[in-house]
$ cat target36.txt   # compact mmCIF, C-alpha atoms and all ligand atoms
# COMPACT_ATOMS: atom_id res chain seq x y z
CA MET A 1 -31.61 9.77 -3.70
CA GLU A 2 -28.17 11.31 -4.21
CA VAL A 3 -25.52 8.70 -5.05
CA LYS A 4 -22.58 8.69 -2.66
CA ARG A 5 -19.08 7.94 -3.93
CA ALA A 6 -16.64 5.68 -2.10
CA LEU A 7 -12.97 4.84 -2.55
CA VAL A 8 -11.75 1.59 -1.01
CA THR A 9 -7.98 1.23 -1.09
CA GLY A 10 -6.68 -2.29 -1.62
CA SER A 11 -9.97 -3.59 -2.98
CA SER A 12 -8.49 -6.04 -5.50
CA ARG A 13 -8.87 -8.83 -2.92
CA GLY A 14 -9.48 -9.76 0.72
CA ILE A 15 -11.26 -7.43 3.10
CA GLY A 16 -11.13 -4.47 0.68
CA ARG A 17 -12.84 -6.50 -2.03
CA SER A 18 -15.67 -7.41 0.35
CA ILE A 19 -16.05 -3.78 1.47
CA ALA A 20 -16.25 -2.59 -2.14
CA LEU A 21 -18.89 -5.20 -2.96
CA GLU A 22 -20.94 -4.41 0.15
CA LEU A 23 -20.90 -0.69 -0.69
CA ALA A 24 -21.88 -1.54 -4.27
CA ARG A 25 -24.83 -3.53 -2.92
CA ARG A 26 -25.84 -0.48 -0.88
CA GLY A 27 -25.89 1.73 -3.95
CA TYR A 28 -22.59 3.60 -3.73
CA ALA A 29 -20.53 4.53 -6.75
CA VAL A 30 -17.33 2.64 -6.03
CA ALA A 31 -13.69 3.38 -6.83
CA ILE A 32 -11.80 0.08 -6.80
CA HIS A 33 -8.10 0.51 -6.10
CA TYR A 34 -5.23 -1.94 -6.56
CA GLY A 35 -1.48 -1.98 -6.17
CA ARG A 36 -0.29 -4.82 -8.38
CA ARG A 37 -3.20 -7.12 -9.20
CA LYS A 38 -5.00 -5.35 -12.01
CA GLU A 39 -6.82 -8.48 -13.26
CA LEU A 40 -8.33 -9.09 -9.82
CA ALA A 41 -9.34 -5.44 -9.53
CA LEU A 42 -11.09 -5.60 -12.90
CA GLU A 43 -12.98 -8.72 -11.74
CA VAL A 44 -14.06 -6.94 -8.55
CA ALA A 45 -15.22 -4.00 -10.66
CA GLU A 46 -17.39 -6.33 -12.75
CA GLU A 47 -18.83 -7.91 -9.62
CA ALA A 48 -19.50 -4.48 -8.09
CA ALA A 49 -21.40 -3.40 -11.18
CA ALA A 50 -23.40 -6.65 -11.07
CA GLU A 51 -24.20 -5.95 -7.39
CA GLY A 52 -25.81 -2.67 -8.41
CA ALA A 53 -23.15 0.04 -8.05
CA PRO A 54 -24.34 2.91 -10.26
CA ARG A 55 -20.76 3.63 -11.23
CA VAL A 56 -17.49 1.71 -10.89
CA GLU A 57 -13.97 2.78 -11.86
CA VAL A 58 -10.62 1.12 -11.28
CA PHE A 59 -7.55 3.04 -10.06
CA ALA A 60 -3.92 1.93 -9.78
CA ALA A 61 -1.48 3.31 -7.22
CA ASP A 62 1.44 1.86 -5.31
CA LEU A 63 0.65 3.28 -1.90
CA SER A 64 4.17 2.68 -0.61
CA ASP A 65 5.16 5.43 -3.05
CA GLN A 66 4.48 8.86 -1.58
CA ASP A 67 3.63 10.56 -4.87
CA GLN A 68 1.25 7.81 -5.99
CA ALA A 69 -0.44 7.81 -2.57
CA LYS A 70 -0.84 11.59 -2.79
CA GLY A 71 -2.35 11.42 -6.27
CA LEU A 72 -4.93 8.68 -5.74
CA VAL A 73 -7.71 10.66 -4.05
CA ALA A 74 -7.36 13.58 -6.46
CA ALA A 75 -7.71 11.16 -9.38
CA VAL A 76 -10.88 9.65 -7.89
CA ILE A 77 -12.42 13.06 -7.17
CA GLU A 78 -11.66 14.17 -10.68
CA ALA A 79 -13.21 11.05 -12.22
CA PHE A 80 -16.28 10.91 -9.95
CA GLY A 81 -16.76 14.64 -9.40
CA GLY A 82 -16.55 14.13 -5.62
CA LEU A 83 -15.97 11.70 -2.77
CA GLU A 84 -18.08 11.07 0.33
CA VAL A 85 -16.46 7.89 1.72
CA LEU A 86 -12.79 6.95 2.01
CA VAL A 87 -11.84 3.51 3.30
CA ASN A 88 -8.11 3.20 4.02
CA ASN A 89 -7.85 -0.56 3.82
CA ALA A 90 -4.69 -1.44 1.84
CA GLY A 91 -2.05 -3.02 4.03
CA ILE A 92 0.83 -5.44 4.19
CA THR A 93 2.73 -7.50 6.73
CA ARG A 94 6.49 -8.06 6.83
CA ASP A 95 6.70 -10.15 9.98
CA GLY A 96 9.81 -10.98 11.96
CA LEU A 97 11.19 -10.70 15.45
CA LEU A 98 12.57 -7.23 16.12
CA VAL A 99 16.24 -8.20 15.96
CA ARG A 100 15.71 -9.76 12.54
CA LEU A 101 13.56 -7.00 11.03
CA LYS A 102 15.30 -5.36 8.11
CA ASP A 103 15.16 -1.60 7.60
CA GLU A 104 12.89 -2.07 4.60
CA ASP A 105 10.54 -4.38 6.54
CA TRP A 106 9.99 -1.43 8.84
CA SER A 107 9.82 1.32 6.22
CA GLN A 108 7.59 -0.56 3.76
CA VAL A 109 5.02 -1.39 6.43
CA ILE A 110 4.99 2.15 7.83
CA ALA A 111 4.78 3.64 4.33
CA THR A 112 1.93 1.40 3.16
CA ASN A 113 -0.09 0.97 6.35
CA LEU A 114 0.33 4.42 7.94
CA ASN A 115 1.86 7.08 5.70
CA ALA A 116 -0.46 6.30 2.78
CA ALA A 117 -3.52 6.84 5.01
CA PHE A 118 -2.15 10.27 5.94
CA PHE A 119 -1.78 11.25 2.26
CA THR A 120 -5.16 9.93 1.14
CA THR A 121 -7.05 11.27 4.16
CA ARG A 122 -5.50 14.75 3.94
CA GLU A 123 -6.62 15.05 0.34
CA ALA A 124 -10.07 13.61 1.02
CA ILE A 125 -10.72 15.82 4.06
CA LYS A 126 -9.92 19.00 2.09
CA HIS A 127 -12.73 18.05 -0.26
CA MET A 128 -15.11 16.79 2.46
CA MET A 129 -14.69 20.01 4.48
CA ARG A 130 -16.04 22.03 1.58
CA LYS A 131 -19.01 19.68 1.26
CA LYS A 132 -19.54 19.52 5.05
CA TYR A 133 -19.95 15.77 4.80
CA GLY A 134 -17.61 12.80 4.86
CA ARG A 135 -16.82 9.38 6.21
CA VAL A 136 -13.30 8.08 6.67
CA ILE A 137 -12.85 4.52 7.86
CA ASN A 138 -9.37 3.23 8.62
CA VAL A 139 -8.75 -0.51 8.70
CA ALA A 140 -6.44 -0.98 11.67
CA SER A 141 -5.90 -4.27 13.52
CA VAL A 142 -6.07 -5.77 16.98
CA SER A 143 -2.27 -5.92 16.65
CA GLY A 144 -2.25 -2.14 17.04
CA LEU A 145 -4.13 -2.47 20.34
CA LEU A 146 -2.66 -5.64 21.82
CA GLY A 147 0.75 -5.96 20.15
CA THR A 148 1.75 -9.21 18.49
CA PRO A 149 5.17 -10.87 18.70
CA GLY A 150 6.80 -10.73 15.28
CA GLN A 151 4.78 -7.69 14.24
CA ALA A 152 6.52 -4.70 15.85
CA ASN A 153 6.42 -2.85 12.50
CA TYR A 154 2.80 -3.76 11.75
CA ALA A 155 1.58 -3.07 15.31
CA ALA A 156 3.36 0.31 15.32
CA ALA A 157 1.74 1.26 12.01
CA LYS A 158 -1.73 0.17 13.15
CA ALA A 159 -1.38 1.86 16.58
CA GLY A 160 -0.31 4.97 14.67
CA LEU A 161 -3.37 4.70 12.46
CA ILE A 162 -5.59 4.50 15.55
CA GLY A 163 -4.02 7.67 17.04
CA PHE A 164 -4.35 9.38 13.66
CA THR A 165 -8.04 8.40 13.55
CA LYS A 166 -8.73 9.92 16.98
CA SER A 167 -7.00 13.21 16.21
CA VAL A 168 -8.50 13.77 12.77
CA ALA A 169 -11.96 12.85 14.11
CA LYS A 170 -11.74 15.69 16.62
CA GLU A 171 -10.47 18.19 14.04
CA TYR A 172 -13.42 17.82 11.63
CA ALA A 173 -16.30 16.57 13.80
CA ALA A 174 -18.09 19.91 13.56
CA ARG A 175 -18.06 19.74 9.75
CA GLY A 176 -20.19 16.64 9.31
CA ILE A 177 -17.16 14.37 8.90
CA THR A 178 -16.58 11.24 10.94
CA VAL A 179 -13.30 9.35 11.12
CA ASN A 180 -13.35 5.89 12.66
CA ALA A 181 -11.20 2.77 12.66
CA VAL A 182 -12.06 -0.89 12.66
CA ALA A 183 -9.70 -3.36 14.26
CA PRO A 184 -10.16 -6.83 12.83
CA GLY A 185 -8.77 -9.87 14.60
CA PHE A 186 -7.90 -12.85 12.41
CA ILE A 187 -9.79 -12.76 9.14
CA GLU A 188 -9.65 -15.42 6.40
CA THR A 189 -7.74 -13.69 3.57
CA ASP A 190 -4.44 -14.11 1.71
CA MET A 191 -2.79 -12.28 4.61
CA THR A 192 -3.56 -15.10 7.03
CA ALA A 193 -3.65 -17.99 4.53
CA ASN A 194 -0.02 -18.99 4.96
CA LEU A 195 0.20 -19.01 8.73
CA PRO A 196 1.96 -22.13 9.98
CA GLU A 197 -0.62 -24.64 11.30
CA THR A 198 0.72 -24.52 14.87
CA LEU A 199 0.47 -20.73 14.97
CA ARG A 200 -3.03 -20.87 13.49
CA GLU A 201 -4.11 -23.31 16.19
CA SER A 202 -2.61 -21.22 18.95
CA TYR A 203 -4.43 -18.11 17.64
CA LEU A 204 -7.68 -20.07 17.37
CA ALA A 205 -7.35 -21.19 20.99
CA GLN A 206 -7.31 -17.49 22.04
CA ILE A 207 -10.44 -16.49 20.10
CA PRO A 208 -13.62 -16.93 22.18
CA ALA A 209 -15.67 -17.42 18.97
CA ALA A 210 -13.30 -20.33 18.13
CA ARG A 211 -13.05 -19.32 14.48
CA PHE A 212 -11.42 -16.77 12.23
CA GLY A 213 -13.65 -14.01 10.85
CA LYS A 214 -14.83 -13.54 7.29
CA PRO A 215 -14.06 -10.50 5.12
CA GLU A 216 -17.82 -10.04 4.61
CA GLU A 217 -18.26 -9.56 8.36
CA VAL A 218 -15.74 -6.70 8.38
CA ALA A 219 -17.42 -5.25 5.29
CA LYS A 220 -20.82 -5.01 7.06
CA LEU A 221 -19.25 -3.07 9.93
CA VAL A 222 -17.40 -0.71 7.60
CA SER A 223 -20.49 -0.05 5.53
CA PHE A 224 -22.46 0.76 8.68
CA LEU A 225 -19.78 3.29 9.70
CA ALA A 226 -20.00 4.73 6.19
CA SER A 227 -23.76 5.21 6.47
CA ASP A 228 -25.77 8.18 7.71
CA ASP A 229 -26.95 6.01 10.62
CA ALA A 230 -23.42 6.19 12.06
CA ALA A 231 -23.31 10.02 12.14
CA TYR A 232 -22.76 10.19 15.91
CA ILE A 233 -19.97 7.58 16.04
CA ASN A 234 -16.64 9.37 15.73
CA GLY A 235 -13.01 8.76 16.64
CA GLN A 236 -13.73 5.17 17.61
CA THR A 237 -11.82 1.97 17.02
CA ILE A 238 -14.26 -0.90 16.81
CA CYS A 239 -12.84 -4.39 17.27
CA ILE A 240 -14.24 -7.16 15.12
CA ASP A 241 -12.39 -10.14 16.45
CA GLY A 242 -14.74 -12.81 17.83
CA GLY A 243 -14.21 -11.55 21.39
CA LEU A 244 -10.40 -11.63 21.34
CA THR A 245 -9.78 -8.09 22.63
CA PRO A 246 -10.77 -7.72 26.28
CA HIS A 247 -12.48 -4.30 26.18
P1 LIG B 301 -4.76 -8.92 1.55
O1 LIG B 301 -5.75 -10.00 1.24
O2 LIG B 301 -3.31 -9.25 1.59
O3 LIG B 301 -5.02 -7.69 0.54
C1 LIG B 301 -4.23 -6.54 0.66
C2 LIG B 301 -4.76 -5.47 -0.26
O4 LIG B 301 -3.92 -4.30 -0.10
C3 LIG B 301 -4.69 -5.86 -1.73
O5 LIG B 301 -5.80 -5.34 -2.41
C4 LIG B 301 -3.41 -5.17 -2.21
O6 LIG B 301 -3.45 -4.81 -3.59
C5 LIG B 301 -3.39 -3.93 -1.36
N1 LIG B 301 -2.01 -3.43 -1.22
C6 LIG B 301 -1.00 -3.98 -0.52
N2 LIG B 301 0.12 -3.25 -0.69
C7 LIG B 301 -0.20 -2.21 -1.50
C8 LIG B 301 0.53 -1.13 -2.05
N3 LIG B 301 1.84 -0.92 -1.80
N4 LIG B 301 -0.11 -0.28 -2.87
C9 LIG B 301 -1.42 -0.45 -3.15
N5 LIG B 301 -2.16 -1.46 -2.66
C10 LIG B 301 -1.55 -2.33 -1.85
O7 LIG B 301 -5.05 -8.28 2.98
P2 LIG B 301 -6.37 -8.29 3.86
O8 LIG B 301 -6.27 -9.40 4.82
O9 LIG B 301 -7.58 -8.13 3.03
O10 LIG B 301 -6.11 -6.95 4.70
C11 LIG B 301 -6.77 -5.72 4.40
C12 LIG B 301 -6.51 -4.78 5.58
O11 LIG B 301 -7.01 -5.38 6.76
C13 LIG B 301 -5.04 -4.50 5.82
O12 LIG B 301 -4.86 -3.16 6.20
C14 LIG B 301 -4.70 -5.42 6.97
O13 LIG B 301 -3.62 -4.94 7.72
C15 LIG B 301 -6.00 -5.38 7.75
N6 LIG B 301 -6.20 -6.52 8.63
C16 LIG B 301 -6.26 -7.79 8.15
C17 LIG B 301 -6.44 -8.84 9.05
C18 LIG B 301 -6.53 -10.27 8.61
O14 LIG B 301 -6.56 -11.14 9.49
N7 LIG B 301 -6.59 -10.57 7.33
C19 LIG B 301 -6.54 -8.57 10.41
C20 LIG B 301 -6.48 -7.25 10.84
C21 LIG B 301 -6.31 -6.24 9.96
P3 LIG B 301 -2.69 -5.66 -4.74
O15 LIG B 301 -2.83 -7.10 -4.40
O16 LIG B 301 -3.41 -5.26 -5.99
O17 LIG B 301 -1.26 -5.18 -4.74
$ encode --input "target36.txt" --output "structure tokens" --more "lines below"
Ligand code: NAP
Amino acid sequence: MEVKRALVTGSSRGIGRSIALELARRGYAVAIHYGRRKELALEVAEEAAAEGAPRVEVFAADLSDQDQAKGLVAAVIEAFGGLEVLVNNAGITRDGLLVRLKDEDWSQVIATNLNAAFFTTREAIKHMMRKKYGRVINVASVSGLLGTPGQANYAAAKAGLIGFTKSVAKEYAARGITVNAVAPGFIETDMTANLPETLRESYLAQIPAARFGKPEEVAKLVSFLASDDAAYINGQTICIDGGLTPH
């Protein structure tokens, strides 16, 4: 069988790490990407190889930097000779109530969580169009659907990513390319590790499953969307949140 090649942005840790390892298990050649944590990315690469990925390479790029975001996909395509799956996962939070948000809290979150996905996807789609095959999966958030106090920047970026997903899906649906988003609720990663206990408890009380999710659970959903079995799912935003989102 032909080996498919996947790039997972922000796969040095958290949800991205789990997605990269799940794709490795399923036989993809995997491009591990990191922003700052090279050592962790190298560890993930070793694990991915041990899980059976036929090929693993590590790529650095600060996705808040427009030029680096633009160059990442081209570098992966050059190294791998092609790209079938792009997972736009890298993301940050810079939380604060609106009146206290600094300009850079806004611009950094928009640059990393939204603009970077535009640059990587544009480059990937150009290649996928020629091959008449592709899977793009954007990691959004329930924040982008529901809104969260203290996350106006993050919710705006994730809502933007969801709109982006829907539009691009329609543009390239006839060329064998699907573009979908996943919207995780609260997942146990570094991003949620430092929540104050009272906030954590109040979030837990709202989740029908009465627990936070695991990165591996998100990874299974993403890898399904990446598979050929998901060919007729397009432009969707699939919540994975223990029942939190009411639709
Ligand atoms: P995480 O544990 O904080 O990991 C974030 C990843 O993004 C790291 O690999 C990090 O790389 C990378 N990254 C951050 N800024 C970057 C930059 N400027 N350039 C390049 N890479 C950058 O986060 P996570 O919880 O796994 O979240 C992954 C995605 O899921 C994010 O898009 C997040 O918004 C979304 N999400 C998370 C939750 C949750 O509850 N955890 C819920 C909904 C959605 P380095 O460490 O190497 O810099």
$ residues_near_ligand --input "target36.txt" --ligand "ligand LIG 301 (chain B)" --cutoff "7 Å" --atoms "only C-alpha atoms and all ligand atoms" --output "PyMOL selection string"
chain A and resi 9-16+34-38+41+61-64+89-93+112-113+139-142+183-192
$ atom_distance --input "target36.txt" --atom1 "CA of Gly150 (chain A)" --atom2 "CA of Gln108 (chain A)"
15.4 Å
$ closest_atom_pairs --input "target36.txt" --of "region 135-186 of chain A" --to "region 219-225 of chain A" --cutoff "10 Å" --atoms "all atoms listed in the file" --output "tab-separated table"
residue	atom	partner	partner_atom	distance
A:Arg135	CA	A:Leu225	CA	7.6
A:Val136	CA	A:Leu225	CA	8.6
A:Ile137	CA	A:Val222	CA	6.9
A:Asn138	CA	A:Val222	CA	9.0
A:Val139	CA	A:Val222	CA	8.7
A:Thr178	CA	A:Leu225	CA	8.7
A:Val179	CA	A:Leu225	CA	9.0
A:Asn180	CA	A:Leu225	CA	7.5
A:Ala181	CA	A:Val222	CA	8.7
A:Val182	CA	A:Val222	CA	7.4
$ residues_around --input "target36.txt" --residues "region 117-129 of chain A" --least-positions-apart "6" --cutoff "8 Å" --atoms "all atoms listed in the file" --output "ChimeraX atom specification"
/A:66,69-70,72-74,82-84,86,88,136,138,161,172,175,177
$ atom_distance --input "target36.txt" --atom1 "CA of Gly176 (chain A)" --atom2 "CA of Ala45 (chain A)"
29.1 Å
$ atom_distance --input "target36.txt" --atom1 "CA of Glu47 (chain A)" --atom2 "CA of Leu23 (chain A)"
11.7 Å
$ residues_around --input "target36.txt" --residues "Thr245 (chain A)" --least-positions-apart "4" --cutoff "8 Å" --atoms "only C-alpha atoms" --output "list in words"
Val142, Leu146, Cys239 and Asp241 of chain A
$ closest_residue --input "target36.txt" --among "A:Thr237, A:Ser18, A:Thr198, A:Gln151" --to "Leu97 (chain A)" --atoms "only C-alpha atoms"
A:Gln151
$ closest_residue --input "target36.txt" --among "A:Ala174, A:Val168, A:Ala156, A:Ile207" --to "Pro246 (chain A)" --atoms "all atoms listed in the file"
A:Ile207
$ closest_residue --input "target36.txt" --among "A:Gly134, A:Gly71, A:Gly96, A:Gly213" --to "Ala155 (chain A)" --atoms "only C-alpha atoms"
A:Gly96
$ closest_residue --input "target36.txt" --among "A:Pro54, A:Gln68, A:Leu40, A:Gly243" --to "Ala209 (chain A)" --atoms "only C-alpha atoms"
A:Gly243
$ closest_residue --input "target36.txt" --among "A:Ala205, A:Glu171, A:Leu199, A:Arg100" --to "Asn153 (chain A)" --atoms "only C-alpha atoms"
A:Arg100
